[in-house]
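> Before I ask anything, here is the structure I am working with.
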Number of protein chains: 6
Amino acid sequence: MKETVVVQHIERADQAVIDGLAECGVATVHEALGRVGLLAHYLRPIQQDKSVAGSAITISGAAGDNWMMHVAIEQCQPGDIMVFAPTSPSIHGFFGDLLATSAQSRGVVGLIIDGGVRDTRDLRQMEFPVWSKAVFAEGTIKETVGSVNVPLVCADELVYPGDVVVADDDGVVVVRREQAAAVLEKARARMALEESKRVRMANGELGLDIYDMRGRLQDKGLKYV
Amino acid sequence: MKETVVVQHIERADQAVIDGLAECGVATVHEALGRVGLLAHYLRPIQQDKSVAGSAITISGAAGDNWMMHVAIEQCQPGDIMVFAPTSPSIHGFFGDLLATSAQSRGVVGLIIDGGVRDTRDLRQMEFPVWSKAVFAEGTIKETVGSVNVPLVCADELVYPGDVVVADDDGVVVVRREQAAAVLEKARARMALEESKRVRMANGELGLDIYDMRGRLQDKGLKYV
Amino acid sequence: MKETVVVQHIERADQAVIDGLAECGVATVHEALGRVGLLAHYLRPIQQDKSVAGSAITISGAAGDNWMMHVAIEQCQPGDIMVFAPTSPSIHGFFGDLLATSAQSRGVVGLIIDGGVRDTRDLRQMEFPVWSKAVFAEGTIKETVGSVNVPLVCADELVYPGDVVVADDDGVVVVRREQAAAVLEKARARMALEESKRVRMANGELGLDIYDMRGRLQDKGLKYV
Amino acid sequence: MKETVVVQHIERADQAVIDGLAECGVATVHEALGRVGLLAHYLRPIQQDKSVAGSAITISGAAGDNWMMHVAIEQCQPGDIMVFAPTSPSIHGFFGDLLATSAQSRGVVGLIIDGGVRDTRDLRQMEFPVWSKAVFAEGTIKETVGSVNVPLVCADELVYPGDVVVADDDGVVVVRREQAAAVLEKARARMALEESKRVRMANGELGLDIYDMRGRLQDKGLKYV
Amino acid sequence: MKETVVVQHIERADQAVIDGLAECGVATVHEALGRVGLLAHYLRPIQQDKSVAGSAITISGAAGDNWMMHVAIEQCQPGDIMVFAPTSPSIHGFFGDLLATSAQSRGVVGLIIDGGVRDTRDLRQMEFPVWSKAVFAEGTIKETVGSVNVPLVCADELVYPGDVVVADDDGVVVVRREQAAAVLEKARARMALEESKRVRMANGELGLDIYDMRGRLQDKGLKYV
Amino acid sequence: MKETVVVQHIERADQAVIDGLAECGVATVHEALGRVGLLAHYLRPIQQDKSVAGSAITISGAAGDNWMMHVAIEQCQPGDIMVFAPTSPSIHGFFGDLLATSAQSRGVVGLIIDGGVRDTRDLRQMEFPVWSKAVFAEGTIKETVGSVNVPLVCADELVYPGDVVVADDDGVVVVRREQAAAVLEKARARMALEESKRVRMANGELGLDIYDMRGRLQDKGLKYV
């Protein structure tokens with residue numbers, strides 16, 4: 001029933017849109033999306049203060065088997081981000097400095113992995129960002145073939161190849177390729193709106209007043225004593 | 001049965017005492033308290049090497065609902081620390097850079113939250129420290145009213161409004177307001193005692209001798225072979 | 001049935017071998033061992049970008065009781081690494097800056113602990129590295145005697161006194177003392193091999209070609225579409 | 001700072017009220033309370049299909065130390081339920097068949113424990129119900145004194161001595177003693193209301209119509225396609 | 001970006017095929033699928049020794065909000081199974097005996113929920129089977145609209161409306177509707193094959209001989225000592 | 001470095017001793033051992049009210065690979081218990097009804113597995129008891145050879161082939177083969193002692209008096225108020 005395929009040609013979003021989404025960051029993009037698209041919170045960055053976005057190259061492989069990583073790298077273009085999900089739970093160290101060297105030479109901007117990663121110090125030094133479920137040195141085998149660029153579930157969220165994946169210190173969010181431009185527009189509008197509020201708040205104005213909340217709080221029965 | 005209230009006037013400990021407790025740090029204060037008062041270890045800081053203490057403004061809100069954060073900020077004074085506990089488990093991102101801007105403008109020194117936080121990079125850049133259960137960008141709603149400045153359980157520990165909350169890289173500890181001065185005295189005595197031991201240990205003297213443990217170890221049956 | 005002993009004389013591996021293993025790092029040593037020896041991934045460093053190796057001084061103590069730490073330090077020599085496992089699960093803060101001062105004065109290079117640690121900021125400032133299951137300030141007692149330098153299970157892995165323990169950002173691996181020299185040789189050979197591949201990959205050559213994987217992928221049924 | 005006391009005289013709710021709350025069950029009582037009072041969901045019963053309620057005898061003891069269990073049993077009366085919380089996280093087997101025999105001879109109706117329990121088969125055969133965080137045979141010591149009948153936090157919830165604790169297959173809920181009678185009244189009203197709805201639903205009527213939800217769904221923008 | 005819709009007409013697999021898959025059970029169906037399709041192992045049944053299969057009615061709702069359950073029940077036909085996933089992690093008790101009464105009156109055969117359930121004793125007595133992430137009595141609200149019969153991710157696995165969901169003591173597996181008949185055929189073939197092996201094994205024949213493994217083990221280097 | 005061997009001849013404890021230990025149960029044996037020997041509490045039985053003991057056949061296999069199960073069964077004799085530990089964390093379903101049929105035909109009395117199990121309903125019906133880390137239907141492969149009857153760490157505890165493993169509703173404990181007879185003697189003495197106390201407690205005598213604890217409690221500062 002299960003097929004193992006490599007889809008070689010995928011559509012990608014406009015690079016300017018992708019770069020714009022990286023600037024907006026995960027929380028803002030998630031809000032612009034209508035509060036969907038977040039991958040599970042257990043995906044954590046191995047580095048700090050890094051924000052990236054890229055076109056998803058999706059990779060489905062067996063637990064403890066990183067063979068498809070090599071297959072996937074060939075399909076990558078500059079600006080892509082690798083998204084790996086094992087077919088059953090696994091925290092093996094699927095990815096390390098050698099694969100990162102190869103990926104970086106293709107212009108890959110990062111890795112999202114619902115599994116483990118190793119050589120984390122090297123990866124930080126190389127400035128190759130990773131969001132993973134675990135850091136673990138456990139070695140992997142190359143026995144079972146999987147698929148590249150098929151829709152898959154990574155950390156509880158569905159990702160299609162070519163979707164825009166945005167990742168920063170807050171986690172990872174996925175934006176459907178066709179919606180990317182519209183989402184960017186909304187995200188920027190939200191940022192502008194937030195900026196004006198930030199100024200007012202920095203000056204001591206309260207959210208209670210900025211958002212005109214006092215009446216509704218009273219209606220809901222909140223008592224001040 | 002459940003009431004939703006905002007208590008507007010709370011007692012606070014002396015600021016000099018609060019500052020003193022921050023200097024002592026969590027482990028020392030916990031020992032001075034007789035080894036009680038620690039919030040659960042799953043509360044982790046989003047920043048490193050930061051130690052704060054403040055008067056607790058307690059906030060009880062619904063899961064996935066951050067409305068009471070806005071209500072609470074109005075009750076804050078310089079030197080306060082916000083302590084948020086949802087009424088049922090939730091890792092939503094209840095707090096981000098906008099709320100932090102507002103809180104910081106009121107002089108709030110940090111946030112303890114038994115839930116999620118987002119915009120963590122911004123928060124670090126603003127030097128607004130947070131100890132949270134999770135980092136997660138998931139958005140929240142403003143539908144359900146809760147309470148501010150009522151006693152609540154945060155991360156397994158009871159916190160009263162006006163209690164002194166101390167937080168550093170080791171976690172979070174709470175000191176009852178009325179005990180704060182006495183605890184500070186004990187904590188400082190302990191630090192002085194530790195300092196003398198540190199010097200002896202740095203010079204190679206063993207704890208076995210400094211604490212005179214050898215006889216008791218022998219009595220308990222420890223054998224050297 | 002259970003004995004509590006301190007074994008005073010243990011064999012250690014050659015220091016040059018130990019230093020060599022530290023340079024190779026956890027992932028490489030684990031591979032050179034034939035993919036065994038890793039301690040559980042939940043042991044995490046409290047610091048970043050630090051790699052150490054040492055001869056294991058093993059310490060078995062009761063949950064919430066750090067008495068044997070003091071006993072163990074007397075048995076330590078320069079270049080040793082302390083390996084502590086409680087006899088039942090415990091995340092108490094078994095170790096802090098005072099014990100670290102004492103251990104460091106004996107030349108101990110670090111601590112591996114299947115439990116909690118505290119005073120983490122001080123430990124980082126002292127440059128005393130720790131890999132632990134938790135950071136928690138909870139105090140410990142000194143009531144129950146345990147053992148030093150007996151074989152024990154730490155974080156799912158058997159460690160003998162005198163084994164070489166290597167730890168870095170990826171976690172912790174243990175090498176049997178008698179195998180240490182041979183493992184170092186294999187690890188260095190692996191590093192040399194990896195270096196040549198790194199150069200090729202950095203130049204854009206693919207793992208698919210370097211490892212000659214295309215035929216085997218085809219045999220296993222992988223389809224390109 | 002910490003005191004260790006046994007409070008010998010506590011107030012209890014009316015037994016008929018307690019029995020009534022047991023009949024209503026945890027979910028209904030939680031609703032009648034306004035959706036508060038639940039202990040953390042990780043407390044699970046060791047038996048099935050058992051519902052009890054009792055007056056809380058609260059017990060605070062050290063991690064891995066069950067001494068205060070013996071102290072507490074002397075304070076128990078028929079209809080009481082023991083509520084144990086260790087002062088730091090611990091899954092030791094604090095309670096087994098001997099203590100249950102003793103407790104049962106005093107008329108204790110069950111145990112709620114934010115820790116471990118053992119001899120679970122015997123406990124089921126004795127029909128002594130337990131809700132615990134873990135099942136674990138690990139033995140405990142009797143070294144540290146704690147307190148009986150002081151307010152404490154058990155599994156994230158504050159419990160006062162004499163509060164009514166209700167437990168069944170869904171978990172555990174606590175009702176303040178003074179509110180018990182009023183809560184029972186509300187709970188019974190709720191049950192009556194639910195019964196009428198159950199009949200309508202069993203006959204195929206939909207919640208959408210019984211609760212008149214269709215208009216509000218439409219107002220919120222739900223589309224049928 | 002996010003739409004909230006109720007898809008009223010979905011395709012379902014043949015009931016005889018669905019019933020056949022229920023008989024085969026989760027492990028066999030998973031194997032017949034080529035080892036895919038399992039929902040995360042943390043979904044556990046509240047009952048024992050029950051095996052069901054049904055056509056998936058998928059339900060996407062907000063954390064802590066069970067409004068869409070009511071909406072979904074109207075879309076159910078006899079033989080359907082409800083599959084609920086909250087849009088962010090939540091263990092609230094989304095479902096209890098009233099909803100089960102309503103669902104059962106429509107012929108619904110069970111519930112799969114990546115969240116909490118309550119009234120579990122009643123549900124067992126009603127013989128309404130549930131597989132859930134948690135048992136928790138925490139109440140839910142009815143504020144946010146979601147969707148029914150859209151593709152969603154439940155417990156790490158993608159489920160389409162109308163897919164066949166099989167659940168038993170081992171967990172939950174999903175079969176695409178279009179593949180259901182072919183999978184059943186494979187599953188039955190596997191069962192027949194297993195039956196013949198079971199007889200041989202019951203008679204003492206070894207898997208080593210039945211599967212002719214000895215040569216391959218020797219080739220891989222296994223030594224008997 | 002790693003060898004893969006099958007050790008064909010192991011020593012076993014006397015069957016009468018093994019049977020005696022099964023009767024004593026896990027908690028009593030653990031106490032008789034001096035409170036050591038427990039496997040991690042996350043190993044849970046798939047059945048209820050079953051107590052077994054057997055001679056350990058230890059099995060070390062790769063994550064997600066159950067090949068060595070077949071190899072191990074050939075080494076089993078009546079009265080043996082299989083103890084499986086994967087070389088890295090894995091919750092795959094390593095064992096099901098077919099393997100159980102084969103094992104049962106050799107007289108194997110149960111399975112302890114630091115991994116997953118499937119076909120749990122069948123296993124209960126066959127009365128083949130299992131203690132596992134997870135129930136999960138995920139299939140395994142047969143690619144990597146491991147070892148049988150070598151010392152290994154299973155669920156945090158070291159097990160030697162031929163050790164006596166005792167398992168019941170409370171969990172799993174391991175007794176060194178050479179100590180088994182002496183431990184049984186201690187365990188029986190403990191049971192006799194407990195029996196006399198049980199009678200006294202059932203008659204309402206308190207542990208405080210039976211164990212003469214009142215003076216020591218007073219010395220430690222416990223106050224009655």
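Starting from 1 in every chain, residues are counted up; chains themselves are A, B, ... following the order of the structure tokens, and ligands are numbered from 1 as listed.
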Applying 7 Å and only C-alpha atoms, which residues near segment 31-41 of chain F remain after dropping the ones on its own chain fewer than 6 positions away? List them as a list in words.
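Final neighbour list, sorted by chain and number: Met1 and Lys2 of chain C; Val135, Phe136, Glu138 and Gly139 of chain D; Ala155, Asp156, Glu157, Gly171, Val172, Val173, Val174, Val175, Val183, Lys186 and Ala187 of chain F.
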> Using backbone DSSP assignments, extract all alpha helix (DSSP H) residues from segment 124-223 of chain A; output them as an MDAnalysis selection string.
chainID A and resid 124:126 180:202 207:210 214:219
> Go through segment 101-202 of chain F and collect every residue that DSSP, computed from the backbone, puts in strand (DSSP E); the answer should be as a PyMOL selection string.
chain F and resi 110-117+130-135+147-148+152-154+157-159+164-168+171-175
> As a list in words, please: the residues near segment 78-91 of chain E (cut-off 7 Å, only C-alpha atoms, same-chain neighbours under 6 positions excluded).
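These residues fall inside the cut-off: Ser90 of chain B; Gly54, Ser55, Ala56, Ile57, Thr58, Ile59, Ser60, Gly61, Ala62, Ala63, Gly64, Arg106, Gly107, Val108, Val109, Gly110, Leu111, Ile112, Ile113, Asp114, Gly115, Gly116, Ala134, Phe136, Val153 and Cys154 of chain E.
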> With only C-alpha atoms as the basis for distance, which of D:Leu208, D:Ala137, D:Ile73, D:Cys24 is at the shortest distance from Phe94 of chain D?
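Going through D:Leu208, D:Ala137, D:Ile73, D:Cys24 one by one, the smallest distance to Phe94 of chain D is for D:Ala137.
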> Find the nearest atom pair between each residue of chain B and chain A for residues within 8 Å, count only C-alpha atoms, give distances in Å to one decimal, sort rows by chain and ascending number, and present the table as a tab-separated table.

residue	atom	partner	partner_atom	distance
B:Thr4	CA	A:Leu222	CA	5.5
B:Val5	CA	A:Lys223	CA	4.7
B:Val6	CA	A:Tyr224	CA	4.7
B:Val7	CA	A:Val225	CA	5.1
B:Gln8	CA	A:Val225	CA	6.2
B:His70	CA	A:Gly207	CA	5.7
B:Val71	CA	A:Leu208	CA	6.6
B:Ile73	CA	A:Leu206	CA	7.7
B:Glu74	CA	A:Leu206	CA	6.9
B:Leu98	CA	A:Arg198	CA	5.9
B:Thr101	CA	A:Ala202	CA	5.6
B:Ser102	CA	A:Met201	CA	4.7
B:Gln104	CA	A:Ala202	CA	7.7
B:Ser105	CA	A:Ala202	CA	5.5
B:Arg106	CA	A:Gly204	CA	6.7
B:Arg118	CA	A:Asp170	CA	5.7
B:Asp119	CA	A:Asp170	CA	6.3
B:Thr120	CA	A:Asp170	CA	6.3
B:Arg121	CA	A:Asp49	CA	5.9
B:Ala134	CA	A:His41	CA	7.5
B:Val135	CA	A:Asp170	CA	5.9
B:Phe136	CA	A:His41	CA	5.6
B:Ala137	CA	A:Ala27	CA	5.0
B:Glu138	CA	A:Arg35	CA	6.8
B:Gly139	CA	A:Arg35	CA	6.1
B:Thr144	CA	A:Lys220	CA	7.7
B:Val145	CA	A:Leu222	CA	6.4
B:Gly146	CA	A:Leu222	CA	7.5
B:Ser147	CA	A:Leu222	CA	7.9
> Would you mind exporting C-alpha atoms of the selected residues as an mmCIF file, in the first residue's frame?

data_model
loop_
_atom_site.group_PDB
_atom_site.id
_atom_site.type_symbol
_atom_site.label_atom_id
_atom_site.label_comp_id
_atom_site.auth_asym_id
_atom_site.auth_seq_id
_atom_site.Cartn_x
_atom_site.Cartn_y
_atom_site.Cartn_z
ATOM 1 C CA THR B 4 -13.835 36.353 39.738
ATOM 2 C CA VAL B 5 -12.342 39.320 41.495
ATOM 3 C CA VAL B 6 -9.531 41.806 41.252
ATOM 4 C CA VAL B 7 -8.046 42.617 44.620
ATOM 5 C CA GLN B 8 -6.664 46.116 44.229
ATOM 6 C CA HIS B 70 -4.239 42.984 30.830
ATOM 7 C CA VAL B 71 -6.319 43.349 33.963
ATOM 8 C CA ILE B 73 -0.916 44.880 34.642
ATOM 9 C CA GLU B 74 -3.029 47.764 35.903
ATOM 10 C CA LEU B 98 3.413 43.626 23.646
ATOM 11 C CA THR B 101 6.219 46.268 26.953
ATOM 12 C CA SER B 102 3.178 47.206 28.949
ATOM 13 C CA GLN B 104 7.836 46.823 31.802
ATOM 14 C CA SER B 105 6.424 50.324 31.553
ATOM 15 C CA ARG B 106 4.807 49.702 34.947
ATOM 16 C CA ARG B 118 6.096 33.564 22.961
ATOM 17 C CA ASP B 119 8.215 36.283 21.328
ATOM 18 C CA THR B 120 11.024 34.908 23.456
ATOM 19 C CA ARG B 121 13.774 36.520 21.427
ATOM 20 C CA ALA B 134 6.733 25.979 27.655
ATOM 21 C CA VAL B 135 7.682 28.176 24.762
ATOM 22 C CA PHE B 136 4.832 28.056 22.272
ATOM 23 C CA ALA B 137 3.420 30.594 19.826
ATOM 24 C CA GLU B 138 -0.192 29.372 20.072
ATOM 25 C CA GLY B 139 -2.515 32.357 20.303
ATOM 26 C CA THR B 144 -13.353 34.260 30.214
ATOM 27 C CA VAL B 145 -12.775 36.432 33.253
ATOM 28 C CA GLY B 146 -10.612 35.184 36.080
ATOM 29 C CA SER B 147 -9.059 36.764 39.137
#
> Can you list, as a list in words, every protein, DNA or RNA residue that comes within 7 Å of Tyr160 of chain E when you count only C-alpha atoms, leaving out same-chain residues fewer than 3 positions away?
Val150, Pro151, Leu152 and Asp163 of chain E
> Next, the residues of the selection above should be written as a CSV table (one decimal), in the first residue's frame with all heavy atoms.

chain,number,residue,atom,x,y,z
E,150,VAL,N,-13.5,17.6,7.6
E,150,VAL,CA,-12.3,18.1,6.8
E,150,VAL,C,-11.1,17.2,7.2
E,150,VAL,O,-11.1,16.6,8.3
E,150,VAL,CB,-12.0,19.6,7.2
E,150,VAL,CG1,-13.1,20.5,6.8
E,150,VAL,CG2,-11.7,19.7,8.7
E,151,PRO,N,-10.1,17.1,6.3
E,151,PRO,CA,-8.9,16.4,6.7
E,151,PRO,C,-8.3,17.0,7.9
E,151,PRO,O,-8.2,18.2,8.0
E,151,PRO,CB,-8.0,16.5,5.4
E,151,PRO,CG,-8.9,17.0,4.3
E,151,PRO,CD,-10.0,17.8,5.0
E,152,LEU,N,-7.8,16.2,8.8
E,152,LEU,CA,-7.1,16.7,10.0
E,152,LEU,C,-6.1,15.7,10.5
E,152,LEU,O,-6.0,14.6,10.1
E,152,LEU,CB,-8.1,17.1,11.1
E,152,LEU,CG,-9.2,16.0,11.5
E,152,LEU,CD1,-8.5,14.9,12.3
E,152,LEU,CD2,-10.2,16.7,12.4
E,163,ASP,N,-12.5,7.9,5.9
E,163,ASP,CA,-11.5,6.9,6.1
E,163,ASP,C,-12.0,5.8,7.1
E,163,ASP,O,-12.9,6.1,7.9
E,163,ASP,CB,-10.2,7.5,6.7
E,163,ASP,CG,-9.3,8.1,5.6
E,163,ASP,OD1,-9.6,8.0,4.4
E,163,ASP,OD2,-8.3,8.8,6.0
> Can you measure atom CA of Asp19 of chain A to atom CA of Gln179 of chain A for me? One decimal in Å is fine.
14.6 Å
> What is the atom CA of Pro129 of chain D-atom CA of Glu127 of chain F distance in Å, reported with one decimal?
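Between atom CA of Pro129 of chain D and atom CA of Glu127 of chain F the gap works out to 25.9 Å.
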> So the first atom is atom CA of Ala182 of chain C and the second is atom CA of Gly162 of chain C; what is the distance between them in Å, to one decimal place?
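Straight-line distance from atom CA of Ala182 of chain C to atom CA of Gly162 of chain C works out to 15.9 Å.
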